[in-house]
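J.: My questions all concern the structure below.
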Amino acid sequence: MRRRWMSAVAVTVAGMLSLAACGGGTEQATGGGTAKKQVEVFSWWTGPGEADGLKAMRDIFQKQNPDLTFFDAAVAGGSGDKARALLSSKLQANQPPDTFQGHAGAELQGYIKAGKLEPLNALYDELKLKDVFPQQLVDQITYEGNVYSVPVNIHRSNVLWFNPEILKEAGVAGAPKTIEEFVTALEAVKKTGKIPLSIGSEWTVVHLLESVMLGSMGTDAYNGLWAKGADWSGAAVTKALNDFKTIMSYAGAPQDDWQPAAKQVADGAAAFNIMGDWAYGYFHNPPDGGLGKTSKEDFDWAASPGTDGTFMWLSDSFTLPKGAPNKEGAMAWLKVAASKEGQDAFNPKKGSIPARKDADSALYTDYLKWDLEQWANGKLAGSLQHGVVANDPWKTAITEAVGLFLQSKDAAKLQQALAEAAQSNNQ
């Protein structure tokens, strides 16, 4: 399974490297005979909600920079795995985009250590960004005293989305608060003939794993797994992985990606889905950019079982690659991404909350109001799947271990593989 997936990525990379020829710095003639430089913005925002948010921010960029042309180099695929495979090829070939999306945290360290990113200290000083971004976020994007990215949002990973009508039909009183209650609820839904838990492609299973481990182990123990020399062979990890195995036994047929899996909940085919809060934009946005569903009726939410009071976070951010063909244009984009106007245009559509502390809270209603309150008042845990706590080699090893587990269903072998991955990548 893993080998076929990697082959598919390789084909995608080979087929899309031609994007480099269309990137930043290319001059495009306008009707008046003047030339406008393109700014290649590389991301994986192509789906409903996320594409709408990107367009809202792009409109601001174009209005503020009429002499520049936004070139959308987005690559489809949830969580960015395909996009980052293509990006790696472009960077190795010294054909960087002008700016690219990356998850704040350990994910960016590989690019930094390879000398592929420019520090953004001067931009932070010019815009006084350290005054408007939370300190814990600035810490995550700082390496050896330099800041390397501009966060545009905060996402929550550990969200349980559920269909209220299916729970009512199954006799489940409300969102399960513990792992044990979750298993009981899954069994009750199974008896109705509905899908207890929807899942998407392989990365969504890793996403599920991080929430189950957090809910089973508790915040401090989960966070401790990412410290140097952490022991992944202990009893707490064993219990968490057995909980994961039990929960996965209630999963329906894997869907192509997170959107069709989430849609099963909104359409009344499945009871539960654990996915990040970008699902809210997909559920809630009008049908031309989402499903147009009604919250608290077609779908509802809670912290994933066992994690109430803890915000498992991630942040999308943009970078300045070394050798960017249009550095001036990239800096113009980074200024929009960092701005209050840009973040307030982007995040309500994306289904995320702003990274800035001074954003207009009146724009964040319904689920997003709850999300803002949770971010301000909860404990924090970093996402595995979305680049906060594990560098790319470590995350790749974990993903491969999960892929093997999907075939074997052997929790003991999964734990052994995870322990070996930690020992190899976290010394």
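In the structure tokens, each chain is lettered A, B, ... as it comes, each chain's residues begin at 1, and ligands are numbered from 1 in order of appearance.
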If you run DSSP on the backbone here, which positions in range 142-206 of chain A get strand (DSSP E or B)? Please write them as a ChimeraX atom specification.

T.: /A:142-143,146-147,150-151,154-156,159-162,195-197

J.: Tell me, as a list in words, which residues lie within 9 Å of Trp258 in chain A, counting only C-alpha atoms; anything in the same chain fewer than 2 positions away does not count.

T.: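 What passes the distance filter is Gly78, Ile199, Gly200, Ser201, Trp203, Thr204, Gln255, Asp256, Pro260, Ala261, Ala262, Lys263, Met275 and Ala279 of chain A.
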
J.: At most 7 Å is the cut-off: for each residue in range 26-134 of chain A with any atom that close to an atom of range 350-356 of chain A, write down the nearest atom pair and the distance in Å rounded to one decimal, counting only C-alpha atoms, chain first then increasing number, as a Markdown table.

T.:
| residue | atom | partner | partner_atom | distance |
| --- | --- | --- | --- | --- |
| A:Gly49 | CA | A:Lys350 | CA | 4.7 |
| A:Glu50 | CA | A:Lys350 | CA | 4.6 |
| A:Asp52 | CA | A:Lys350 | CA | 7.0 |
| A:Gly53 | CA | A:Lys350 | CA | 5.1 |
| A:Val132 | CA | A:Arg356 | CA | 5.3 |
| A:Phe133 | CA | A:Arg356 | CA | 5.0 |

J.: Give the helix (DSSP H, G or I) residues of range 144-390 of chain A, as assigned by DSSP on the backbone, as a PyMOL selection string.

T.: chain A and resi 164-170+179-190+202-217+219-224+235-248+258-266+278-284+327-338+340-350+361-363+367-377

J.: What gap, in Å, lies between CA of Leu209 in chain A and CA of Leu314 in chain A?

T.: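 Separating CA of Leu209 in chain A from CA of Leu314 in chain A is a distance of 15.6 Å.
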
J.: Nearest to Gln264 in chain A among A:Leu197, A:Met57, A:Leu225, A:Ala359, with distances taken over only C-alpha atoms: which residue is it?

T.: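 Using only C-alpha atoms, the shortest distance to Gln264 in chain A belongs to A:Leu197.
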
J.: Looking at A:Val388, A:Val402, A:Leu291, A:Ile274, which one is nearest to Gly47 in chain A, with distances taken over only C-alpha atoms?

T.: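 Ranked by minimum distance to Gly47 in chain A, first place goes to A:Leu291.
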
J.: Could you state the separation of CA of Ala338 in chain A and CA of Val41 in chain A in Å, given to one decimal place?

T.: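 Spanning CA of Ala338 in chain A to CA of Val41 in chain A is a straight-line distance of 14.6 Å.
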
J.: Suppose you want the space between CA of Ser198 in chain A and CA of Pro48 in chain A; what is it in Å?

T.: 18.8 Å

J.: Just the residues within 12 Å of Leu54 in chain A, please, counting only C-alpha atoms, with nothing from its chain fewer than 3 positions along; format it as a count of residues only.

T.: 39

J.: Give me, as a PyMOL selection string, all polymer residues having an atom no more than 9 Å from range 163-178 of chain A, counting only C-alpha atoms and skipping those fewer than 6 positions away in the same chain.

T.: chain A and resi 184-185+188-192+194+215-216+265-272+296-308

J.: Excluding range 118-120 of chain A and residues on its chain fewer than 5 positions from it, collect all residues at most 9 Å away from it, counting only C-alpha atoms, and give them as a PyMOL selection string.

T.: chain A and resi 112+125+146-150+319-323

J.: Return the single residue from A:Gln109, A:Gln38, A:Gln64, A:Ser295 that is closest to Tyr367 in chain A, with distances computed using only C-alpha atoms.

T.: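 Residue with the minimum atom-to-atom distance to Tyr367 in chain A: A:Ser295.
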
J.: For Gln374 in chain A, which of A:Thr219, A:Met312, A:Asn65, A:Ala251 is the closest residue, counting only C-alpha atoms?

T.: A:Met312

J.: Rank nothing, just name the residue among A:Ser249, A:Asn242, A:Glu210, A:Ile154 nearest to Pro196 in chain A, using only C-alpha atoms.

T.: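 Counting only C-alpha atoms, the residue closest to Pro196 in chain A is A:Ser249.
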
J.: Which residue gives the smallest distance to Gln385 in chain A among A:Gly218, A:Glu328, A:Lys55, A:Ile398, with only C-alpha atoms counted?

T.: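 Looking at the shortest contact to Gln385 in chain A, the residue is A:Ile398.
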